[in-house]
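To start, the structure itself, in structure tokens.
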Amino acid sequence: MPRFSLAYHFGWKHHKKHYDLFIETRDHLETYSFKKLSDKQIILKTKQRHRKKYLLYEGTISKNRGCITIVKNGNYITKNKNLLALYGLGIINKKTKELTLER
């Protein structure tokens with residue numbers, strides 16, 4: 001079953017603190033970011049694909065790009081072409097780039 005992780009990225013002087021959401025695919029991580037976890041409906045910003053090693057990585061990032069710590073991880077299923085259900089986190093609509101959190 002494919003996996004996901006939600007990481008908090010901080011300590012990088014060129015960017016504000018934010019969350020990175022990594023979605024495992026066959027050969028890379030689809031990557032999204034957003035600023036606050038407090039809202040029930042979150043608009044995701046698409047980032048460049050990441051290598052799979054970052055799925056569970058915690059610690060300092062090279063080239064003074066801050067630190068990252070995992071907030072949540074787990075498995076997900078594809079509901080249809082545009083919807084992913086992330087167990088314990090919520091639903092991603094890939095078409096609208098929205099994450100609806102479980103409450």
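Chain labels follow the order of the structure tokens: the first chain is A, the next B, and so on; residue numbering restarts at 1 in every chain, and ligands are counted from 1 in their shown order.
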**Request:** List the neighbours of range 63-67 of chain A out to 12 Å using only C-alpha atoms; skip same-chain residues closer than 2 positions along the sequence, and give me the result as a list of chain:residue names.
**Result:** A:Ala7, A:Tyr8, A:His9, A:Phe10, A:Gly11, A:Trp12, A:Lys13, A:His14, A:His15, A:Lys16, A:Lys17, A:His18, A:Tyr19, A:Asp20, A:Tyr54, A:Tyr57, A:Glu58, A:Gly59, A:Thr60, A:Ile61, A:Thr69, A:Ile70
Would you write out, as a Markdown table, a table of all residues in range 7-66 of chain A that have an atom no more than 10 Å from an atom of range 72-91 of chain A, listing for each the closest atom pair and the distance in Å to one decimal, considering only C-alpha atoms and ordering rows by chain and rising residue number?
```
| residue | atom | partner | partner_atom | distance |
| --- | --- | --- | --- | --- |
| A:Ala7 | CA | A:Lys72 | CA | 7.1 |
| A:Tyr8 | CA | A:Lys72 | CA | 9.6 |
| A:Leu21 | CA | A:Lys72 | CA | 9.5 |
| A:Phe22 | CA | A:Asn73 | CA | 9.2 |
| A:Ile23 | CA | A:Tyr76 | CA | 8.5 |
| A:Glu24 | CA | A:Tyr76 | CA | 9.1 |
| A:Lys40 | CA | A:Gly90 | CA | 9.3 |
| A:Gln41 | CA | A:Gly90 | CA | 9.7 |
| A:Leu55 | CA | A:Asn73 | CA | 8.6 |
| A:Leu56 | CA | A:Asn73 | CA | 8.0 |
```
**Asked** Rounded to one decimal in Å, what is the spacing between CA of Ile68 in chain A and CA of Glu30 in chain A?
**Response**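 Interatomic distance here is 16.8 Å.
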Residues within 8 Å of Arg49 in chain A, please, as a PDB file with N, CA and C atoms, in the first residue's frame. Count only C-alpha atoms; anything in the same chain fewer than 2 positions from it doesn't count.
```pdb
ATOM      1  N   HIS A  28       8.923   8.234  -7.203  1.00  0.00           N
ATOM      2  CA  HIS A  28       9.244   9.527  -6.594  1.00  0.00           C
ATOM      3  C   HIS A  28       8.175   9.897  -5.566  1.00  0.00           C
ATOM      4  N   LEU A  29       8.319  11.071  -4.993  1.00  0.00           N
ATOM      5  CA  LEU A  29       7.306  11.615  -4.079  1.00  0.00           C
ATOM      6  C   LEU A  29       6.659  12.831  -4.726  1.00  0.00           C
ATOM      7  N   GLU A  30       5.349  12.783  -4.916  1.00  0.00           N
ATOM      8  CA  GLU A  30       4.636  14.000  -5.278  1.00  0.00           C
ATOM      9  C   GLU A  30       4.678  14.867  -4.027  1.00  0.00           C
ATOM     10  N   THR A  31       4.917  16.159  -4.193  1.00  0.00           N
ATOM     11  CA  THR A  31       5.141  17.015  -3.038  1.00  0.00           C
ATOM     12  C   THR A  31       4.279  18.263  -3.109  1.00  0.00           C
ATOM     13  N   LYS A  47       4.835  21.422  -5.345  1.00  0.00           N
ATOM     14  CA  LYS A  47       6.280  21.639  -5.345  1.00  0.00           C
ATOM     15  C   LYS A  47       6.925  20.626  -6.285  1.00  0.00           C
ATOM     16  N   ARG A  51      12.905  12.958  -3.984  1.00  0.00           N
ATOM     17  CA  ARG A  51      13.371  11.575  -3.952  1.00  0.00           C
ATOM     18  C   ARG A  51      12.674  10.848  -2.803  1.00  0.00           C
TER      19      ARG A  51
END
```
**Request:** Give the answer as one residue: which of A:Leu37, A:Ile42, A:Leu6, A:Val71 has the shortest atom-to-atom distance to Lys97 in chain A, using only C-alpha atoms?
**Result:**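 Using only C-alpha atoms, the shortest distance to Lys97 in chain A belongs to A:Ile42.
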**Message:** For the strand (DSSP E or B) assignment from backbone DSSP, which residues of chain A qualify? Please present them as number ranges by chain.
**Reply:** A: 3-10, 18-24, 29-34, 41-43, 45-50, 59-60, 67-78, 83-86, 90-93, 98-101
**Message:** One number please: CA of Lys52 in chain A to CA of Arg26 in chain A, in Å, one decimal.
**Reply:** 9.3 Å
